[in-house]
Amino acid sequence: MADIRFDGKVAIVTGAGGGLGRQHALELARRGAKVLVNDLGGALDGSGGGSDAANAVVEEIKAFGGEAIANGSSVTDDAGVQLMIQQAMDAWGRIDILVANAGILRDKSFAKMEVGDFQVVLDVHLLGTVKPAKAVWEIMRQQNYGRIVVTTSSSGLYGNFGQSNYGAAKLGIVGFMNTLKLEGQKNNIHVNAIAPVAATRMTENLMPPAMLEMLKPEYVTPGVVYLCSDEAPTGVIMTAGAGAFAVARIVETEGAYLGEGGLSAEEVRDNWDKIADPAGQQPYDMGGAQTAKVLRKVQGG
Ligand code: NAI
């Protein structure tokens with residue numbers, strides 16, 4: 001099969017001044033995309049900003065003959081997001097790809113976490129994904145083409161000590177994707193999520209050096225590039241790290257219909273093994289498919 005190329009396509013990568021986003025931006029540009037490199041340039045906890053992170057990546061792209069422009073807006077700032085979209089539209093007249101990657105951490109056990117730390121992390125990750133997506137959505141609809149990659153995390157999918165704020169935001173992003181994948185379908189807008197694991201400033205203090213060496217951020221990027229391509233699936237959560245790729249799914253068990261025996265908490269308790277039995281469990285494409293299963297079970301199917 002032919003190489004994956006993005007000639008003539010325009011990509012926006014948020015939080016692309018360092019870590020994973022920088023690698024995504026560089027590789028999209030190497031494969032021919034014109035790239036808007038967004039980064040606020042703040043600290044890991046979201047404070048500060050204004051370093052030259054986005055400009056530096058633009059210079060790297062230009063150095064190998066690629067085309068790129070920098071934007072230093074926060075993904076949470078409405079006017080800043082509009083400016084980012086306007087810069088890309090003024091320069092190139094279209095937006096084909098959005099990689100929503102920007103993120104911060106405010107880790108603390110829930111007992112010690114202030115609601116403010118929860119709010120800030122939700123703002124940057126969830127609304128910082130929603131706002132750029134909203135700003136490109138109509139453009140992609142008009143073009144009848146779009147590829148959006150949102151960034152989730154194993155913390156959201158499975159939990160992680162000290163990350164109740166981050167985990168809530170990251171699974172919120174999956175919920176957002178689940179509806180966009182449906183609403184984008186008729187306009188050829190595919191929306192997928194990447195759940196990366198990589199050595200960046202986010203993880204450098206969490207893992208031993210030998211492990212960090214295996215987890216180069218550029219080992220995640222091929223997964224993101226595939227999800228940005230014409231051949232991308234839609235509605236998929238791809239996990240990626242150290243060169244290993246997999247798909248994560250939310251599944252539901254077949255369960256048990258208890259309506260005939262009497263509906264009581266004791267019935268639920270006494271049938272728990274059947275309710276939770278993983279045999280025949282499966283994912284569903286949309287909420288309505290789960291309702292259809294319930295009706296089938298009521299009818300004895
Ligand atoms: P990083 O800290 O190196 O990169 C995040 C970038 O986002 C930084 O350059 C930062 O300046 C930028 N940023 C932060 N807030 C911003 C805002 N409001 N507006 C614009 N830019 C902003 O961290 P890393 O690891 O590259 O993270 C990238 C994404 O991958 C994040 O969404 C993170 O949650 C996610 N992730 C990373 C994992 C890992 O193992 N490194 C694991 C799971 C998810």
# chains A, B, ... in the order shown; residues from 1 in each chain; ligands from 1
call {"tool": "closest_atom_pairs", "arguments": {"of": "chain A", "to": "ligand 1", "cutoff": "8 Å", "atoms": "only C-alpha atoms and all ligand atoms", "output": "CSV"}}
result
residue,atom,partner,partner_atom_place_in_ligand_line,distance
A:Thr14,CA,ligand 1,21 (N),5.9
A:Gly15,CA,ligand 1,7 (O),3.4
A:Ala16,CA,ligand 1,9 (O),5.7
A:Gly17,CA,ligand 1,9 (O),4.5
A:Gly18,CA,ligand 1,9 (O),4.3
A:Gly19,CA,ligand 1,26 (O),3.5
A:Leu20,CA,ligand 1,26 (O),3.8
A:Gly21,CA,ligand 1,26 (O),5.7
A:Arg22,CA,ligand 1,26 (O),7.7
A:Asn38,CA,ligand 1,20 (C),6.2
A:Asp39,CA,ligand 1,21 (N),3.9
A:Leu40,CA,ligand 1,20 (C),4.1
A:Gly41,CA,ligand 1,11 (O),3.8
A:Gly42,CA,ligand 1,11 (O),4.7
A:Ala43,CA,ligand 1,11 (O),6.4
A:Leu44,CA,ligand 1,2 (O),5.5
A:Gly46,CA,ligand 1,15 (N),5.4
A:Gly49,CA,ligand 1,11 (O),7.4
A:Ala53,CA,ligand 1,9 (O),7.0
A:Gly72,CA,ligand 1,20 (C),7.0
A:Ser73,CA,ligand 1,20 (C),6.0
A:Ser74,CA,ligand 1,19 (N),3.4
A:Val75,CA,ligand 1,19 (N),4.1
A:Thr76,CA,ligand 1,18 (N),5.5
A:Asp77,CA,ligand 1,18 (N),7.8
A:Ala100,CA,ligand 1,32 (O),7.5
A:Asn101,CA,ligand 1,32 (O),4.5
A:Ala102,CA,ligand 1,7 (O),3.6
A:Gly103,CA,ligand 1,32 (O),4.0
A:Ile104,CA,ligand 1,14 (C),5.2
A:Leu105,CA,ligand 1,34 (O),7.4
A:Val124,CA,ligand 1,18 (N),5.2
A:His125,CA,ligand 1,32 (O),6.6
A:Gly128,CA,ligand 1,18 (N),6.7
A:Thr151,CA,ligand 1,32 (O),5.3
A:Thr152,CA,ligand 1,44 (C),5.7
A:Ser153,CA,ligand 1,43 (C),4.0
A:Ser154,CA,ligand 1,43 (C),6.3
A:Ser155,CA,ligand 1,43 (C),7.2
A:Tyr166,CA,ligand 1,34 (O),7.7
A:Lys170,CA,ligand 1,34 (O),7.6
A:Ala195,CA,ligand 1,43 (C),5.6
A:Pro196,CA,ligand 1,43 (C),4.7
A:Val197,CA,ligand 1,40 (O),3.4
A:Ala198,CA,ligand 1,40 (O),3.9
A:Ala199,CA,ligand 1,41 (N),5.6
A:Thr200,CA,ligand 1,25 (O),4.7
A:Arg201,CA,ligand 1,3 (O),5.0
A:Met202,CA,ligand 1,25 (O),4.9
A:Thr203,CA,ligand 1,41 (N),5.5
A:Pro217,CA,ligand 1,26 (O),7.3
A:Gly241,CA,ligand 1,40 (O),8.0
call {"tool": "residues_around", "arguments": {"residues": "Met84 (chain A)", "least_positions_apart": "5", "cutoff": "9 Å", "atoms": "only C-alpha atoms", "output": "NGL selection string"}}
result
:A and (12 or 36 or 38 or 70-73 or 79 or 89 or 132)
call {"tool": "write_last_selection", "arguments": {"atoms": "all heavy atoms", "output": "tab-separated table (two decimals), in the first residue's frame"}}
result
chain	number	residue	atom	x	y	z
A	12	ILE	N	-3.89	21.04	12.72
A	12	ILE	CA	-3.64	21.80	13.94
A	12	ILE	C	-3.29	20.80	15.04
A	12	ILE	O	-4.01	19.81	15.23
A	12	ILE	CB	-4.89	22.61	14.35
A	12	ILE	CG1	-5.16	23.71	13.33
A	12	ILE	CG2	-4.73	23.19	15.76
A	12	ILE	CD1	-6.38	24.55	13.63
A	36	LEU	N	-0.27	23.95	11.95
A	36	LEU	CA	-0.32	25.01	12.95
A	36	LEU	C	0.09	24.39	14.29
A	36	LEU	O	-0.55	23.46	14.77
A	36	LEU	CB	-1.70	25.63	13.07
A	36	LEU	CG	-1.70	26.81	14.08
A	36	LEU	CD1	-2.55	27.96	13.57
A	36	LEU	CD2	-2.10	26.38	15.47
A	38	ASN	N	0.37	24.76	18.04
A	38	ASN	CA	-0.14	25.54	19.18
A	38	ASN	C	0.57	25.12	20.46
A	38	ASN	O	0.74	23.91	20.69
A	38	ASN	CB	-1.65	25.31	19.33
A	38	ASN	CG	-2.13	25.62	20.74
A	38	ASN	OD1	-2.15	24.76	21.63
A	38	ASN	ND2	-2.48	26.86	20.98
A	70	ALA	N	3.11	29.24	14.11
A	70	ALA	CA	3.00	29.07	15.56
A	70	ALA	C	1.81	29.83	16.11
A	70	ALA	O	1.40	30.86	15.56
A	70	ALA	CB	4.28	29.57	16.23
A	71	ASN	N	1.27	29.30	17.18
A	71	ASN	CA	0.20	29.98	17.92
A	71	ASN	C	0.41	29.73	19.40
A	71	ASN	O	0.59	28.58	19.80
A	71	ASN	CB	-1.17	29.45	17.47
A	71	ASN	CG	-2.29	29.95	18.37
A	71	ASN	OD1	-2.53	29.38	19.43
A	71	ASN	ND2	-2.96	31.00	17.97
A	72	GLY	N	0.40	30.78	20.19
A	72	GLY	CA	0.70	30.64	21.62
A	72	GLY	C	-0.52	30.75	22.51
A	72	GLY	O	-0.39	31.01	23.71
A	73	SER	N	-1.71	30.53	21.95
A	73	SER	CA	-2.95	30.67	22.75
A	73	SER	C	-3.13	29.50	23.69
A	73	SER	O	-2.69	28.39	23.43
A	73	SER	CB	-4.18	30.68	21.83
A	73	SER	OG	-4.11	31.72	20.89
A	79	ALA	N	-11.15	33.41	22.68
A	79	ALA	CA	-10.60	34.31	21.66
A	79	ALA	C	-9.30	33.74	21.09
A	79	ALA	O	-9.04	33.83	19.88
A	79	ALA	CB	-10.35	35.69	22.27
A	89	MET	N	-6.73	29.33	8.74
A	89	MET	CA	-7.60	29.59	7.58
A	89	MET	C	-7.00	30.69	6.69
A	89	MET	O	-7.03	30.59	5.46
A	89	MET	CB	-9.01	29.98	8.04
A	89	MET	CG	-9.80	28.84	8.64
A	89	MET	SD	-10.02	27.42	7.54
A	89	MET	CE	-11.33	28.02	6.46
A	132	PRO	N	-11.40	23.78	20.56
A	132	PRO	CA	-10.83	23.67	19.21
A	132	PRO	C	-11.70	22.79	18.29
A	132	PRO	O	-11.85	23.10	17.09
A	132	PRO	CB	-9.46	23.04	19.44
A	132	PRO	CG	-9.12	23.36	20.85
A	132	PRO	CD	-10.43	23.38	21.59
call {"tool": "residues_around", "arguments": {"residues": "region 115-123 of chain A", "least_positions_apart": "2", "cutoff": "6 Å", "atoms": "only C-alpha atoms", "output": "NGL selection string"}}
result
:A and (125-127 or 165 or 169)
call {"tool": "closest_atom_pairs", "arguments": {"of": "region 227-301 of chain A", "to": "region 7-10 of chain A", "cutoff": "12 Å", "atoms": "only C-alpha atoms", "output": "JSON lines"}}
result
{"residue": "A:Cys228", "atom": "CA", "partner": "A:Lys9", "partner_atom": "CA", "distance": 10.5}
{"residue": "A:Ser229", "atom": "CA", "partner": "A:Lys9", "partner_atom": "CA", "distance": 10.2}
{"residue": "A:Asp230", "atom": "CA", "partner": "A:Lys9", "partner_atom": "CA", "distance": 10.9}
call {"tool": "closest_residue", "arguments": {"among": "A:Gly159, A:Gly50, A:Gly184, A:Gly223", "to": "Ala133 (chain A)", "atoms": "only C-alpha atoms"}}
result
A:Gly184
call {"tool": "residues_around", "arguments": {"residues": "Lys62 (chain A)", "least_positions_apart": "2", "cutoff": "12 Å", "atoms": "only C-alpha atoms", "output": "ChimeraX atom specification"}}
result
/A:25-26,29-30,32,34-35,37,55-60,64-70
call {"tool": "atom_distance", "arguments": {"atom1": "CA of Leu180 (chain A)", "atom2": "CA of Phe161 (chain A)"}}
result
29.4 Å
call {"tool": "select_by_dssp", "arguments": {"residues": "region 9-243 of chain A", "states": "strand (DSSP E or B)", "output": "short mmCIF file (atom, residue, chain, number, x, y, z; two decimals) with N, CA, C and O atoms, in the first residue's frame"}}
result
data_model
loop_
_atom_site.label_atom_id
_atom_site.label_comp_id
_atom_site.auth_asym_id
_atom_site.auth_seq_id
_atom_site.Cartn_x
_atom_site.Cartn_y
_atom_site.Cartn_z
N VAL A 10 -4.12 20.41 5.92
CA VAL A 10 -3.76 21.34 6.99
C VAL A 10 -4.09 20.69 8.34
O VAL A 10 -5.20 20.19 8.53
N ALA A 11 -3.13 20.72 9.24
CA ALA A 11 -3.32 20.11 10.57
C ALA A 11 -3.08 21.14 11.67
O ALA A 11 -2.19 21.98 11.56
N ILE A 12 -3.89 21.04 12.72
CA ILE A 12 -3.64 21.80 13.94
C ILE A 12 -3.29 20.80 15.04
O ILE A 12 -4.01 19.81 15.23
N VAL A 13 -2.18 21.02 15.71
CA VAL A 13 -1.82 20.17 16.85
C VAL A 13 -1.70 21.07 18.07
O VAL A 13 -0.88 22.00 18.09
N LYS A 34 0.63 20.91 6.19
CA LYS A 34 0.94 22.24 6.73
C LYS A 34 0.42 22.24 8.16
O LYS A 34 -0.75 21.87 8.38
N VAL A 35 1.25 22.65 9.09
CA VAL A 35 0.90 22.43 10.50
C VAL A 35 0.86 23.73 11.29
O VAL A 35 1.82 24.50 11.29
N LEU A 36 -0.27 23.95 11.95
CA LEU A 36 -0.32 25.01 12.95
C LEU A 36 0.09 24.39 14.29
O LEU A 36 -0.55 23.46 14.77
N VAL A 37 1.18 24.91 14.84
CA VAL A 37 1.75 24.40 16.09
C VAL A 37 1.27 25.30 17.22
O VAL A 37 1.67 26.45 17.33
N ASN A 38 0.37 24.76 18.04
CA ASN A 38 -0.14 25.54 19.18
C ASN A 38 0.57 25.12 20.46
O ASN A 38 0.74 23.91 20.69
N GLU A 67 6.11 23.28 6.14
CA GLU A 67 5.39 24.55 6.29
C GLU A 67 4.66 24.55 7.63
O GLU A 67 3.91 23.59 7.92
N ALA A 68 4.86 25.58 8.43
CA ALA A 68 4.22 25.62 9.75
C ALA A 68 4.09 27.04 10.24
O ALA A 68 4.86 27.92 9.86
N ILE A 69 3.08 27.26 11.10
CA ILE A 69 2.97 28.54 11.80
C ILE A 69 2.70 28.27 13.28
O ILE A 69 2.15 27.23 13.64
N ALA A 70 3.11 29.24 14.11
CA ALA A 70 3.00 29.07 15.56
C ALA A 70 1.81 29.83 16.11
O ALA A 70 1.40 30.86 15.56
N ASN A 71 1.27 29.30 17.18
CA ASN A 71 0.20 29.98 17.92
C ASN A 71 0.41 29.73 19.40
O ASN A 71 0.59 28.58 19.80
N ILE A 97 -7.25 18.39 9.78
CA ILE A 97 -6.87 17.52 10.90
C ILE A 97 -6.75 18.37 12.18
O ILE A 97 -6.16 19.44 12.16
N LEU A 98 -7.32 17.84 13.26
CA LEU A 98 -7.09 18.44 14.58
C LEU A 98 -6.59 17.35 15.50
O LEU A 98 -7.26 16.32 15.67
N VAL A 99 -5.42 17.55 16.07
CA VAL A 99 -4.94 16.66 17.13
C VAL A 99 -5.00 17.46 18.43
O VAL A 99 -4.23 18.40 18.64
N ALA A 100 -5.98 17.12 19.27
CA ALA A 100 -6.16 17.83 20.55
C ALA A 100 -5.33 17.10 21.59
O ALA A 100 -5.69 16.02 22.07
N GLY A 146 -12.80 15.55 7.58
CA GLY A 146 -12.11 15.94 8.81
C GLY A 146 -11.59 14.72 9.55
O GLY A 146 -12.17 13.63 9.49
N ARG A 147 -10.48 14.89 10.20
CA ARG A 147 -9.93 13.85 11.07
C ARG A 147 -9.58 14.52 12.40
O ARG A 147 -8.79 15.46 12.44
N ILE A 148 -10.19 14.04 13.48
CA ILE A 148 -9.92 14.60 14.81
C ILE A 148 -9.37 13.48 15.69
O ILE A 148 -9.96 12.39 15.75
N VAL A 149 -8.25 13.75 16.32
CA VAL A 149 -7.70 12.80 17.29
C VAL A 149 -7.70 13.50 18.65
O VAL A 149 -7.09 14.57 18.81
N VAL A 150 -8.39 12.92 19.60
CA VAL A 150 -8.40 13.45 20.96
C VAL A 150 -7.46 12.60 21.81
O VAL A 150 -7.15 11.46 21.44
N THR A 151 -7.01 13.14 22.92
CA THR A 151 -6.01 12.43 23.72
C THR A 151 -6.59 12.05 25.07
O THR A 151 -6.92 12.90 25.89
N ILE A 189 -16.22 12.95 8.72
CA ILE A 189 -15.37 13.40 9.82
C ILE A 189 -15.18 12.20 10.76
O ILE A 189 -16.16 11.70 11.32
N HIS A 190 -13.96 11.75 10.86
CA HIS A 190 -13.65 10.61 11.73
C HIS A 190 -13.01 11.12 13.02
O HIS A 190 -12.14 11.99 12.97
N VAL A 191 -13.45 10.58 14.13
CA VAL A 191 -12.98 11.06 15.43
C VAL A 191 -12.50 9.87 16.25
O VAL A 191 -13.27 8.92 16.46
N ASN A 192 -11.26 9.90 16.65
CA ASN A 192 -10.67 8.79 17.40
C ASN A 192 -9.89 9.33 18.59
O ASN A 192 -9.57 10.51 18.66
N ALA A 193 -9.56 8.41 19.50
CA ALA A 193 -8.79 8.80 20.69
C ALA A 193 -7.50 8.01 20.76
O ALA A 193 -7.47 6.83 20.42
N ILE A 194 -6.46 8.69 21.22
CA ILE A 194 -5.20 8.00 21.49
C ILE A 194 -5.00 7.99 23.00
O ILE A 194 -5.23 8.99 23.68
N ALA A 195 -4.62 6.85 23.52
CA ALA A 195 -4.25 6.73 24.95
C ALA A 195 -2.76 6.40 24.98
O ALA A 195 -2.37 5.24 24.88
N PRO A 196 -1.91 7.43 25.09
CA PRO A 196 -0.48 7.19 24.96
C PRO A 196 0.18 6.82 26.28
O PRO A 196 -0.38 7.05 27.35
N ILE A 237 -10.56 3.85 20.43
CA ILE A 237 -9.56 4.26 21.41
C ILE A 237 -8.32 3.41 21.16
O ILE A 237 -8.36 2.19 21.37
N MET A 238 -7.25 4.03 20.67
CA MET A 238 -6.02 3.29 20.43
C MET A 238 -5.04 3.56 21.57
O MET A 238 -4.77 4.70 21.90
N THR A 239 -4.52 2.50 22.16
CA THR A 239 -3.47 2.69 23.15
C THR A 239 -2.12 2.53 22.44
O THR A 239 -1.99 1.72 21.53
N ALA A 240 -1.14 3.33 22.85
CA ALA A 240 0.14 3.31 22.14
C ALA A 240 1.27 3.68 23.09
O ALA A 240 1.18 4.66 23.84
N GLY A 241 2.33 2.90 23.07
CA GLY A 241 3.52 3.21 23.85
C GLY A 241 4.62 2.22 23.58
O GLY A 241 4.34 1.02 23.41
#
call {"tool": "residues_around", "arguments": {"residues": "region 258-272 of chain A", "least_positions_apart": "5", "cutoff": "10 Å", "atoms": "only C-alpha atoms", "output": "list in words"}}
result
Asp277, Lys297 and Val298 of chain A
call {"tool": "write_last_selection", "arguments": {"atoms": "C-alpha atoms", "output": "mmCIF file, in the first residue's frame"}}
result
data_model
loop_
_atom_site.group_PDB
_atom_site.id
_atom_site.type_symbol
_atom_site.label_atom_id
_atom_site.label_comp_id
_atom_site.auth_asym_id
_atom_site.auth_seq_id
_atom_site.Cartn_x
_atom_site.Cartn_y
_atom_site.Cartn_z
ATOM 1 C CA ASP A 277 -20.651 -12.933 33.619
ATOM 2 C CA LYS A 297 -34.039 -9.522 26.734
ATOM 3 C CA VAL A 298 -37.488 -8.443 27.906
#
call {"tool": "select_by_dssp", "arguments": {"residues": "region 150-257 of chain A", "states": "alpha helix (DSSP H)", "output": "ChimeraX atom specification"}}
result
/A:154-158,164-184,209-214,221-227
call {"tool": "write_last_selection", "arguments": {"atoms": "N, CA, C and O atoms", "output": "compact mmCIF listing (two decimals), in the first residue's frame"}}
result
# COMPACT_ATOMS: atom_id res chain seq x y z
N SER A 154 -4.79 6.08 30.11
CA SER A 154 -5.13 4.90 30.92
C SER A 154 -5.70 5.33 32.28
O SER A 154 -6.48 4.60 32.88
N SER A 155 -5.33 6.53 32.75
CA SER A 155 -5.89 7.02 34.01
C SER A 155 -7.40 7.21 33.93
O SER A 155 -8.12 6.97 34.90
N GLY A 156 -7.86 7.67 32.78
CA GLY A 156 -9.30 7.83 32.56
C GLY A 156 -9.97 6.49 32.33
O GLY A 156 -11.07 6.23 32.84
N LEU A 157 -9.31 5.63 31.55
CA LEU A 157 -9.94 4.36 31.19
C LEU A 157 -9.99 3.41 32.38
O LEU A 157 -10.97 2.67 32.53
N TYR A 158 -8.95 3.45 33.21
CA TYR A 158 -8.84 2.43 34.26
C TYR A 158 -8.62 2.98 35.66
O TYR A 158 -8.74 2.25 36.64
N SER A 164 -7.80 11.76 40.18
CA SER A 164 -9.27 11.77 40.01
C SER A 164 -9.68 12.90 39.06
O SER A 164 -10.59 12.72 38.23
N ASN A 165 -9.01 14.05 39.13
CA ASN A 165 -9.34 15.18 38.24
C ASN A 165 -8.98 14.85 36.78
O ASN A 165 -9.78 14.99 35.87
N TYR A 166 -7.77 14.39 36.61
CA TYR A 166 -7.25 14.06 35.28
C TYR A 166 -8.03 12.89 34.66
O TYR A 166 -8.41 12.93 33.48
N GLY A 167 -8.30 11.87 35.47
CA GLY A 167 -9.04 10.71 34.97
C GLY A 167 -10.45 11.08 34.53
O GLY A 167 -10.94 10.62 33.50
N ALA A 168 -11.10 11.94 35.32
CA ALA A 168 -12.46 12.37 34.95
C ALA A 168 -12.43 13.13 33.64
O ALA A 168 -13.28 12.92 32.75
N ALA A 169 -11.44 14.02 33.50
CA ALA A 169 -11.34 14.79 32.25
C ALA A 169 -11.06 13.87 31.07
O ALA A 169 -11.66 14.01 29.99
N LYS A 170 -10.16 12.90 31.27
CA LYS A 170 -9.74 12.05 30.16
C LYS A 170 -10.85 11.10 29.70
O LYS A 170 -10.94 10.79 28.51
N LEU A 171 -11.68 10.61 30.65
CA LEU A 171 -12.81 9.78 30.19
C LEU A 171 -13.93 10.66 29.65
O LEU A 171 -14.68 10.23 28.77
N GLY A 172 -14.03 11.89 30.13
CA GLY A 172 -14.97 12.84 29.54
C GLY A 172 -14.68 13.04 28.06
O GLY A 172 -15.59 13.15 27.24
N ILE A 173 -13.40 13.07 27.73
CA ILE A 173 -12.99 13.24 26.33
C ILE A 173 -13.46 12.05 25.50
O ILE A 173 -13.88 12.21 24.34
N VAL A 174 -13.44 10.85 26.07
CA VAL A 174 -13.93 9.67 25.34
C VAL A 174 -15.44 9.78 25.11
O VAL A 174 -15.93 9.48 24.02
N GLY A 175 -16.15 10.24 26.13
CA GLY A 175 -17.60 10.44 25.96
C GLY A 175 -17.89 11.45 24.86
O GLY A 175 -18.82 11.27 24.06
N PHE A 176 -17.10 12.49 24.81
CA PHE A 176 -17.22 13.52 23.76
C PHE A 176 -16.99 12.88 22.38
O PHE A 176 -17.80 13.05 21.46
N MET A 177 -15.94 12.10 22.27
CA MET A 177 -15.65 11.42 21.00
C MET A 177 -16.79 10.49 20.57
O MET A 177 -17.13 10.42 19.39
N ASN A 178 -17.39 9.80 21.55
CA ASN A 178 -18.41 8.82 21.21
C ASN A 178 -19.60 9.45 20.49
O ASN A 178 -20.22 8.81 19.63
N THR A 179 -19.91 10.68 20.83
CA THR A 179 -21.01 11.36 20.12
C THR A 179 -20.50 12.01 18.83
O THR A 179 -21.17 11.92 17.79
N LEU A 180 -19.33 12.62 18.86
CA LEU A 180 -18.81 13.23 17.61
C LEU A 180 -18.65 12.20 16.50
O LEU A 180 -18.88 12.50 15.33
N LYS A 181 -18.26 10.98 16.87
CA LYS A 181 -18.07 9.95 15.82
C LYS A 181 -19.39 9.70 15.09
O LYS A 181 -19.41 9.46 13.88
N LEU A 182 -20.50 9.79 15.80
CA LEU A 182 -21.81 9.59 15.18
C LEU A 182 -22.21 10.81 14.35
O LEU A 182 -22.66 10.69 13.21
N GLU A 183 -22.04 11.99 14.96
CA GLU A 183 -22.49 13.22 14.28
C GLU A 183 -21.59 13.58 13.10
O GLU A 183 -22.03 14.30 12.20
N GLY A 184 -20.36 13.09 13.09
CA GLY A 184 -19.43 13.42 12.00
C GLY A 184 -19.53 12.50 10.81
O GLY A 184 -19.04 12.83 9.72
N PRO A 209 14.64 5.29 34.77
CA PRO A 209 15.25 5.70 33.50
C PRO A 209 15.19 4.63 32.41
O PRO A 209 14.95 4.96 31.24
N ALA A 210 15.39 3.35 32.78
CA ALA A 210 15.40 2.30 31.74
C ALA A 210 14.04 2.21 31.06
O ALA A 210 13.93 1.99 29.85
N MET A 211 13.00 2.39 31.85
CA MET A 211 11.65 2.33 31.27
C MET A 211 11.39 3.57 30.40
O MET A 211 10.84 3.46 29.30
N LEU A 212 11.82 4.72 30.90
CA LEU A 212 11.62 5.96 30.13
C LEU A 212 12.31 5.87 28.77
O LEU A 212 11.78 6.33 27.76
N GLU A 213 13.47 5.22 28.74
CA GLU A 213 14.23 5.07 27.49
C GLU A 213 13.40 4.31 26.44
O GLU A 213 13.47 4.59 25.24
N MET A 214 12.61 3.34 26.90
CA MET A 214 11.79 2.54 25.96
C MET A 214 10.56 3.30 25.48
O MET A 214 9.93 2.91 24.50
N THR A 221 3.63 8.36 18.03
CA THR A 221 3.19 9.17 16.89
C THR A 221 2.67 8.36 15.68
O THR A 221 1.70 8.79 15.06
N PRO A 222 3.27 7.20 15.33
CA PRO A 222 2.71 6.47 14.18
C PRO A 222 1.22 6.13 14.36
O PRO A 222 0.46 6.13 13.38
N GLY A 223 0.81 5.86 15.58
CA GLY A 223 -0.61 5.61 15.83
C GLY A 223 -1.46 6.83 15.56
O GLY A 223 -2.52 6.76 14.94
N VAL A 224 -0.97 7.97 16.00
CA VAL A 224 -1.70 9.23 15.77
C VAL A 224 -1.76 9.56 14.28
O VAL A 224 -2.80 9.95 13.75
N VAL A 225 -0.64 9.34 13.59
CA VAL A 225 -0.60 9.64 12.15
C VAL A 225 -1.61 8.76 11.41
O VAL A 225 -2.34 9.24 10.53
N TYR A 226 -1.69 7.49 11.77
CA TYR A 226 -2.68 6.61 11.13
C TYR A 226 -4.10 7.13 11.40
O TYR A 226 -4.94 7.18 10.49
N LEU A 227 -4.37 7.56 12.64
CA LEU A 227 -5.71 8.07 12.96
C LEU A 227 -6.02 9.40 12.26
O LEU A 227 -7.17 9.80 12.19
call {"tool": "atom_distance", "arguments": {"atom1": "CA of Gln142 (chain A)", "atom2": "CA of Asn187 (chain A)"}}
result
8.0 Å
call {"tool": "residues_around", "arguments": {"residues": "region 250-254 of chain A", "least_positions_apart": "2", "cutoff": "7 Å", "atoms": "only C-alpha atoms", "output": "list of chain:residue names"}}
result
A:Ala256, A:Ala276, A:Asp277, A:Pro278, A:Gly280, A:Gln281, A:Gln282, A:Pro283
call {"tool": "write_last_selection", "arguments": {"atoms": "N, CA and C atoms", "output": "PDB file, in the first residue's frame"}}
result
ATOM      1  N   ALA A 256     -28.630 -10.244  32.748  1.00  0.00           N
ATOM      2  CA  ALA A 256     -29.754 -11.121  33.072  1.00  0.00           C
ATOM      3  C   ALA A 256     -31.037 -10.307  33.125  1.00  0.00           C
ATOM      4  N   ALA A 276     -22.876 -10.225  35.931  1.00  0.00           N
ATOM      5  CA  ALA A 276     -21.494  -9.804  35.676  1.00  0.00           C
ATOM      6  C   ALA A 276     -20.715 -10.792  34.817  1.00  0.00           C
ATOM      7  N   ASP A 277     -21.346 -11.897  34.396  1.00  0.00           N
ATOM      8  CA  ASP A 277     -20.651 -12.933  33.619  1.00  0.00           C
ATOM      9  C   ASP A 277     -20.074 -12.345  32.324  1.00  0.00           C
ATOM     10  N   PRO A 278     -18.744 -12.417  32.125  1.00  0.00           N
ATOM     11  CA  PRO A 278     -18.160 -11.817  30.915  1.00  0.00           C
ATOM     12  C   PRO A 278     -18.447 -12.581  29.626  1.00  0.00           C
ATOM     13  N   GLY A 280     -19.845 -13.499  26.373  1.00  0.00           N
ATOM     14  CA  GLY A 280     -20.742 -12.791  25.456  1.00  0.00           C
ATOM     15  C   GLY A 280     -20.749 -11.284  25.625  1.00  0.00           C
ATOM     16  N   GLN A 281     -19.873 -10.753  26.472  1.00  0.00           N
ATOM     17  CA  GLN A 281     -19.853  -9.287  26.627  1.00  0.00           C
ATOM     18  C   GLN A 281     -19.404  -8.632  25.325  1.00  0.00           C
ATOM     19  N   GLN A 282     -19.874  -7.415  25.092  1.00  0.00           N
ATOM     20  CA  GLN A 282     -19.523  -6.746  23.833  1.00  0.00           C
ATOM     21  C   GLN A 282     -19.643  -5.224  23.944  1.00  0.00           C
ATOM     22  N   PRO A 283     -18.944  -4.518  23.043  1.00  0.00           N
ATOM     23  CA  PRO A 283     -19.098  -3.059  22.993  1.00  0.00           C
ATOM     24  C   PRO A 283     -20.339  -2.705  22.179  1.00  0.00           C
TER      25      PRO A 283
END
call {"tool": "atom_distance", "arguments": {"atom1": "CA of Ser109 (chain A)", "atom2": "CA of Asn205 (chain A)"}}
result
17.1 Å
